[in-house]
file coords.txt (compact mmCIF, C-alpha atoms)
# COMPACT_ATOMS: atom_id res chain seq x y z
CA PRO A 1 -7.20 96.90 65.31
CA PHE A 2 -3.61 97.29 66.47
CA HIS A 3 -1.01 97.60 63.77
CA PRO A 4 2.72 97.93 64.45
CA GLU A 5 3.00 100.70 61.88
CA ASN A 6 0.55 102.76 63.95
CA THR A 7 2.82 102.62 67.01
CA TYR A 8 4.38 105.97 67.86
CA ARG A 9 8.17 105.85 68.11
CA THR A 10 10.25 108.66 69.51
CA PRO A 11 12.51 110.10 66.84
CA LEU A 12 16.18 109.13 67.10
CA TRP A 13 17.36 112.70 67.59
CA LYS A 14 15.06 113.12 70.59
CA ARG A 15 16.27 109.88 72.16
CA SER A 16 19.89 110.96 71.73
CA GLN A 17 19.12 114.33 73.32
CA ARG A 18 17.37 112.65 76.25
CA PHE A 19 20.36 110.29 76.76
CA ARG A 20 22.78 113.19 76.86
CA LYS A 21 20.61 115.01 79.41
CA ASN A 22 20.41 111.91 81.64
CA LYS A 23 24.15 111.34 81.36
CA LYS A 24 24.86 114.97 82.22
CA SER A 25 22.48 114.75 85.14
CA ARG A 26 24.25 111.65 86.47
CA ASN A 27 27.65 113.34 86.11
CA ILE A 28 26.41 116.35 88.07
CA MET A 29 25.10 114.07 90.79
CA SER A 30 28.47 112.21 90.88
CA GLU A 31 30.41 115.46 91.14
CA GLU A 32 28.16 116.73 93.92
CA LYS A 33 28.56 113.42 95.74
CA THR A 34 32.36 113.26 95.46
CA ASP A 35 32.79 116.93 96.43
CA ASN A 36 31.83 116.07 100.00
CA MET A 37 34.19 113.09 100.19
CA THR A 38 37.63 112.94 101.74
CA ALA A 39 40.60 112.00 99.57
CA GLU A 40 40.51 108.42 100.89
CA GLU A 41 36.75 108.10 100.31
CA ARG A 42 37.05 109.51 96.79
CA LEU A 43 39.84 107.05 96.02
CA ALA A 44 37.78 104.12 97.27
CA TRP A 45 34.72 105.38 95.37
CA LEU A 46 36.63 105.50 92.09
CA ARG A 47 38.21 102.08 92.60
CA GLU A 48 34.78 100.57 93.27
CA ARG A 49 33.78 101.75 89.79
CA GLY A 50 36.75 100.08 88.09
CA VAL A 51 39.05 103.10 87.88
CA LEU A 52 42.71 102.03 88.21
CA ILE A 53 44.58 104.49 90.42
CA GLU A 54 48.20 104.16 91.63
CA THR A 55 49.32 106.39 94.48
CA SER A 56 52.88 107.20 95.52
CA GLU A 57 52.40 104.89 98.52
CA ASP A 58 51.45 102.06 96.19
CA ARG A 59 54.57 102.64 94.09
CA LEU A 60 56.75 102.69 97.22
CA GLU A 61 55.29 99.41 98.46
CA GLN A 62 55.81 97.85 95.04
CA GLN A 63 59.42 99.01 95.02
CA LYS A 64 60.03 97.55 98.50
CA SER A 65 58.46 94.27 97.43
CA THR A 66 60.70 94.12 94.35
CA GLN A 67 63.82 94.83 96.41
CA THR A 68 62.86 92.14 98.92
CA ASN A 69 62.37 89.60 96.14
CA LEU A 70 65.72 90.50 94.59
CA SER A 71 67.45 90.21 97.97
CA SER A 72 65.89 86.78 98.49
CA GLU A 73 67.06 85.64 95.06
CA GLU A 74 70.57 86.95 95.71
CA GLU A 75 70.73 85.16 99.07
CA GLU A 76 69.72 81.94 97.34
CA ASP A 77 72.44 82.25 94.68
CA TYR A 78 75.36 83.36 96.87
CA ASP A 79 77.15 82.37 100.07
CA THR A 80 78.92 84.85 102.35
CA ILE A 81 82.47 84.03 103.45
CA THR A 82 83.73 85.82 106.57
CA TYR A 83 87.39 86.15 107.55
CA VAL A 84 89.64 88.25 109.83
CA HIS A 85 92.36 90.69 108.82
CA ILE A 86 95.34 90.97 111.22
CA PRO A 87 97.60 93.92 110.29
CA HIS A 88 101.29 93.68 111.07
CA ASP A 89 100.99 97.16 112.63
CA GLU A 90 99.85 96.48 116.19
CA SER A 91 98.36 99.96 116.46
CA LYS A 92 95.70 98.93 113.93
CA PRO A 93 92.80 96.77 115.12
CA ARG A 94 91.84 93.38 113.80
CA GLN A 95 88.97 93.62 111.35
CA GLU A 96 86.25 91.18 110.32
CA LEU A 97 85.65 91.22 106.58
CA SER A 98 83.42 89.29 104.21
CA PHE A 99 82.75 88.69 100.55
CA ARG A 100 80.19 86.76 98.55
CA VAL A 101 80.80 83.83 96.28
CA SER A 102 78.43 82.09 93.90
CA LYS A 103 77.10 78.78 95.20
CA THR A 104 77.97 77.23 91.86
CA ALA A 105 81.66 77.86 92.69
CA LEU A 106 81.51 76.03 96.01
CA GLY A 107 83.61 72.91 96.11
CA THR A 108 85.97 74.08 93.37
CA GLY A 109 88.78 75.10 95.74
CA ASP A 110 89.82 77.59 98.40
CA ALA A 111 87.77 80.68 97.44
CA LEU A 112 89.42 82.82 100.12
CA SER A 113 92.90 82.13 98.75
CA ASN A 114 91.84 83.33 95.30
CA HIS A 115 90.04 86.33 96.77
CA LEU A 116 93.16 87.51 98.64
CA LYS A 117 95.60 87.46 95.72
CA PRO A 118 95.13 91.18 94.92
CA CYS A 119 95.97 92.01 98.55
CA PHE A 120 99.49 90.66 98.08
CA SER A 121 100.18 91.86 94.56
CA THR A 122 102.93 94.38 93.91
CA LYS A 123 104.57 96.14 90.99
CA GLY A 124 107.92 94.80 92.10
CA LYS A 125 109.13 98.10 93.55
CA ASP A 126 109.15 96.85 97.16
CA VAL A 127 110.66 93.44 96.46
CA ASP A 128 114.29 92.74 97.27
CA LEU A 129 115.24 91.23 93.92
CA THR A 130 118.64 90.17 95.25
CA LEU A 131 117.04 87.82 97.77
CA LEU A 132 114.59 86.58 95.18
CA GLN A 133 117.44 86.02 92.70
CA ASN A 134 119.44 84.05 95.29
CA GLN A 135 116.42 81.91 96.12
CA ALA A 136 115.75 81.19 92.45
CA THR A 137 119.45 80.38 91.87
CA GLU A 138 119.51 77.88 94.75
CA HIS A 139 116.32 76.27 93.43
CA LEU A 140 117.75 75.91 89.91
CA ALA A 141 121.30 74.98 90.96
CA SER A 142 120.72 71.26 90.40
CA SER A 143 119.42 71.74 86.84
CA ASP A 144 121.61 71.52 83.75
CA GLY A 145 123.14 74.75 82.49
CA PRO A 146 123.72 78.06 84.27
CA PRO A 147 120.90 79.01 86.66
CA THR A 148 119.89 82.41 85.35
CA VAL A 149 116.59 84.20 85.93
CA SER A 150 115.89 87.61 84.39
CA THR A 151 114.90 90.60 86.48
CA GLU A 152 111.73 91.00 84.46
CA ALA A 153 110.69 87.42 85.26
CA LEU A 154 111.28 87.99 88.98
CA LYS A 155 109.22 91.16 88.94
CA ALA A 156 106.42 89.41 87.08
CA VAL A 157 106.30 86.66 89.73
CA ALA A 158 106.17 89.20 92.54
CA ALA A 159 103.49 91.25 90.78
CA GLN A 160 101.09 88.30 90.47
CA GLY A 161 100.31 88.22 94.16
CA SER A 162 101.14 84.82 95.62
CA VAL A 163 99.20 83.57 98.64
CA GLU A 164 100.77 81.13 101.08
CA VAL A 165 98.32 79.06 103.13
CA PHE A 166 99.43 78.03 106.61
CA SER A 167 97.22 75.42 108.29
CA LEU A 168 96.68 76.60 111.86
CA VAL A 169 94.09 73.92 112.67
CA ARG A 170 93.61 70.97 110.34
CA PRO A 171 90.07 69.74 109.58
CA VAL A 172 89.66 66.39 111.35
CA PRO A 173 86.69 64.38 112.69
CA SER A 174 87.18 65.76 116.21
CA ASN A 175 86.42 69.34 115.01
CA ASN A 176 83.73 68.26 112.52
CA PHE A 177 86.21 68.76 109.68
CA VAL A 178 86.37 72.54 110.22
CA GLY A 179 89.91 73.87 110.02
CA VAL A 180 91.51 77.30 110.36
CA ASN A 181 94.03 78.72 107.90
CA ILE A 182 96.33 81.73 107.97
CA TYR A 183 96.75 83.39 104.58
CA LEU A 184 99.93 85.41 104.11
CA ASP A 185 102.12 86.93 101.41
CA GLU A 186 104.31 84.15 100.01
CA VAL A 187 107.13 86.61 99.34
CA GLY A 188 106.55 88.75 102.43
CA ALA A 189 110.12 88.26 103.65
CA LEU A 190 111.49 89.23 100.24
CA LYS A 191 109.47 92.42 100.41
CA ARG A 192 111.15 93.21 103.72
CA LEU A 193 107.74 93.31 105.43
CA ARG A 194 107.63 93.71 109.20
CA LEU A 195 107.09 90.78 111.53
CA ASN A 196 103.43 90.15 112.44
CA LYS A 197 103.69 89.44 116.17
CA ARG A 198 99.95 88.94 116.71
CA ALA A 199 99.83 86.27 114.01
CA SER A 200 102.81 84.49 115.58
CA GLU A 201 101.11 84.60 118.98
CA LEU A 202 98.02 83.04 117.42
CA GLY A 203 100.19 80.21 116.11
CA ALA A 204 101.67 79.67 119.57
CA LYS A 205 98.18 79.47 121.09
CA ALA A 206 97.29 76.86 118.49
CA GLY A 207 100.10 74.64 119.86
CA PHE A 208 103.06 75.46 117.60
CA ASN A 209 106.40 75.47 119.43
CA PRO A 210 108.37 77.38 118.41
CA ALA A 211 105.80 79.84 117.17
CA PRO A 212 105.71 80.28 113.38
CA THR A 213 106.98 83.49 111.83
CA PHE A 214 104.72 85.61 109.63
CA TYR A 215 105.61 88.78 107.73
CA GLY A 216 103.23 91.55 106.75
CA ASP A 217 99.46 91.53 107.06
CA VAL A 218 97.78 88.15 107.34
CA PHE A 219 94.21 86.90 107.09
CA VAL A 220 92.52 84.13 109.07
CA GLY A 221 89.64 82.05 107.74
CA ARG A 222 87.85 78.77 108.29
CA ILE A 223 87.76 75.92 105.81
CA THR A 224 86.04 72.55 105.67
CA ASN A 225 86.69 69.54 103.44
CA LYS A 226 83.57 67.53 104.24
CA PRO A 227 81.36 66.90 102.33
CA ILE A 228 83.03 69.36 99.91
CA LEU A 229 85.97 71.73 100.15
CA LYS A 230 84.64 75.19 100.99
CA ASN A 231 85.34 78.18 103.22
call {"tool": "encode", "arguments": {"input": "coords.txt", "output": "C-alpha cells"}}
result
Amino acid sequence: PFHPENTYRTPLWKRSQRFRKNKKSRNIMSEEKTDNMTAEERLAWLRERGVLIETSEDRLEQQKSTQTNLSSEEEEDYDTITYVHIPHDESKPRQELSFRVSKTALGTGDALSNHLKPCFSTKGKDVDLTLLQNQATEHLASSDGPPTVSTEALKAVAAQGSVEVFSLVRPVPSNNFVGVNIYLDEVGALKRLRLNKRASELGAKAGFNPAPTFYGDVFVGRITNKPILKN
C-alpha cells in the first residue's frame, strides 16, 4: 500500500543547488542573447522585462515638456504690453519695446505710466531748480503766508520721476474705444531737455494745430477704457 511517509523527497540542499544552477543557466542564456543585440534592441528588451531605464534623450524631452508647460502657465497669468520709444535725438531710431504685467493688475490703472516712471527719474543734478522754484512760487502765491519751497523738496520731487500723459487720440466709439497716449517727462522743460521734433510731428499728424511741444524722449502706447481701463 501507498503511504505518504514512503514517498521520496529531494533534500532541501539539493533543491537549492538545482535552483541556483537553473538560475545561472538562464542568466548565461540572457547574456548570450543580449550580446548580439544593438543598443536599441537591448534597451527595448530590458524595458519589456520591467526594468526602468532613463536615457539622456528621455531627460531632454522631459525638460522640454516642463519648459513648455511653464511657458503656457506664464502666458496664462500675464499680458504683454507693447509701446514705442521715440528718442529726442533724431539720429537714434524709434524702438518697439514691451513688458509683461500680471492679469490680476489689469483694470487698476494705466500700467504703462507706472512702468515708465524710472525712465524719467533723476537725482536732481540736471534740473534747473530756479525754474522749478519760480513755478512753485507762482503756484503757491495765492496761499496765505510767504510761498517758500526748500531746495531739498524740489530735488525730491524731480527725483521721483513724474510722467505726463498727453492724449494723442482719445478712446471713443468710432475707434472701438482704443486711444493713443504720448508719455513724457513732466519736468522735461525744467531739465533743459532738447525738443523732440518727431513727437511734435506725430501730434501734428493727429490733427493738433499748432503742433504740441515735447521735450526729451517720449513713449507712445495704446490704451482702452472699455470694458476696463488697460493698455
call {"tool": "residues_around", "arguments": {"input": "coords.txt", "residues": "segment 182-190 of chain A", "least_positions_apart": "5", "cutoff": "6 Å", "atoms": "only C-alpha atoms", "output": "PyMOL selection string"}}
result
chain A and resi 120+127-128+162-166+215+218-220
call {"tool": "atom_distance", "arguments": {"input": "coords.txt", "atom1": "atom CA of Asp77 of chain A", "atom2": "atom CA of His115 of chain A"}}
result
18.2 Å
call {"tool": "atom_distance", "arguments": {"input": "coords.txt", "atom1": "atom CA of Lys230 of chain A", "atom2": "atom CA of Gly109 of chain A"}}
result
6.7 Å
call {"tool": "closest_residue", "arguments": {"input": "coords.txt", "among": "A:Ile223, A:Ile86, A:Ser102, A:Ile81", "to": "Leu202 of chain A", "atoms": "only C-alpha atoms"}}
result
A:Ile86
call {"tool": "atom_distance", "arguments": {"input": "coords.txt", "atom1": "atom CA of Pro87 of chain A", "atom2": "atom CA of Gly216 of chain A"}}
result
7.1 Å
call {"tool": "closest_residue", "arguments": {"input": "coords.txt", "among": "A:Asp110, A:Ser174, A:Leu168, A:Val84", "to": "Glu201 of chain A", "atoms": "all atoms listed in the file"}}
result
A:Leu168
call {"tool": "residues_near_point", "arguments": {"input": "coords.txt", "point": "(79.5, 88.4, 100.5)", "cutoff": "12 Å", "atoms": "all atoms listed in the file", "output": "short mmCIF file (atom, residue, chain, number, x, y, z; two decimals) with C-alpha atoms, in the frame of the given file"}}
result
data_model
loop_
_atom_site.label_atom_id
_atom_site.label_comp_id
_atom_site.auth_asym_id
_atom_site.auth_seq_id
_atom_site.Cartn_x
_atom_site.Cartn_y
_atom_site.Cartn_z
CA GLU A 74 70.57 86.95 95.71
CA GLU A 75 70.73 85.16 99.07
CA ASP A 77 72.44 82.25 94.68
CA TYR A 78 75.36 83.36 96.87
CA ASP A 79 77.15 82.37 100.07
CA THR A 80 78.92 84.85 102.35
CA ILE A 81 82.47 84.03 103.45
CA THR A 82 83.73 85.82 106.57
CA TYR A 83 87.39 86.15 107.55
CA LEU A 97 85.65 91.22 106.58
CA SER A 98 83.42 89.29 104.21
CA PHE A 99 82.75 88.69 100.55
CA ARG A 100 80.19 86.76 98.55
CA VAL A 101 80.80 83.83 96.28
CA SER A 102 78.43 82.09 93.90
CA LYS A 103 77.10 78.78 95.20
CA ALA A 111 87.77 80.68 97.44
CA LEU A 112 89.42 82.82 100.12
CA HIS A 115 90.04 86.33 96.77
#
call {"tool": "build_atoms", "arguments": {"input": "coords.txt", "residues": "segment 213-230 of chain A", "atoms": "N, CA and C atoms", "output": "tab-separated table (two decimals), keeping the file's coordinate frame"}}
result
chain	number	residue	atom	x	y	z
A	213	THR	N	106.68	82.10	112.15
A	213	THR	CA	106.98	83.49	111.83
A	213	THR	C	106.19	83.93	110.60
A	214	PHE	N	105.52	85.07	110.73
A	214	PHE	CA	104.72	85.61	109.63
A	214	PHE	C	105.16	87.05	109.38
A	215	TYR	N	105.21	87.43	108.10
A	215	TYR	CA	105.61	88.78	107.73
A	215	TYR	C	104.46	89.50	107.01
A	216	GLY	N	104.27	90.76	107.39
A	216	GLY	CA	103.23	91.55	106.75
A	216	GLY	C	101.84	91.23	107.28
A	217	ASP	N	100.84	91.79	106.66
A	217	ASP	CA	99.46	91.53	107.06
A	217	ASP	C	99.08	90.10	106.73
A	218	VAL	N	98.26	89.50	107.59
A	218	VAL	CA	97.78	88.15	107.34
A	218	VAL	C	96.26	88.14	107.49
A	219	PHE	N	95.66	87.07	107.01
A	219	PHE	CA	94.21	86.90	107.09
A	219	PHE	C	93.92	85.50	107.63
A	220	VAL	N	92.88	85.40	108.43
A	220	VAL	CA	92.52	84.13	109.07
A	220	VAL	C	91.11	83.74	108.63
A	221	GLY	N	90.95	82.51	108.19
A	221	GLY	CA	89.64	82.05	107.74
A	221	GLY	C	89.44	80.57	108.01
A	222	ARG	N	88.19	80.18	108.09
A	222	ARG	CA	87.85	78.77	108.29
A	222	ARG	C	87.74	78.04	106.95
A	223	ILE	N	87.92	76.75	107.01
A	223	ILE	CA	87.76	75.92	105.81
A	223	ILE	C	87.32	74.52	106.23
A	224	THR	N	86.50	73.91	105.42
A	224	THR	CA	86.04	72.55	105.67
A	224	THR	C	86.24	71.71	104.42
A	225	ASN	N	86.50	70.42	104.60
A	225	ASN	CA	86.69	69.54	103.44
A	225	ASN	C	85.66	68.42	103.39
A	226	LYS	N	84.65	68.51	104.24
A	226	LYS	CA	83.57	67.53	104.24
A	226	LYS	C	82.23	68.25	104.27
A	227	PRO	N	81.27	67.91	103.41
A	227	PRO	CA	81.36	66.90	102.33
A	227	PRO	C	82.11	67.42	101.11
A	228	ILE	N	82.26	68.78	101.01
A	228	ILE	CA	83.03	69.36	99.91
A	228	ILE	C	83.99	70.37	100.49
A	229	LEU	N	85.03	70.71	99.71
A	229	LEU	CA	85.97	71.73	100.15
A	229	LEU	C	85.36	73.11	99.97
A	230	LYS	N	85.18	73.84	101.07
A	230	LYS	CA	84.64	75.19	100.99
A	230	LYS	C	85.04	75.97	102.23
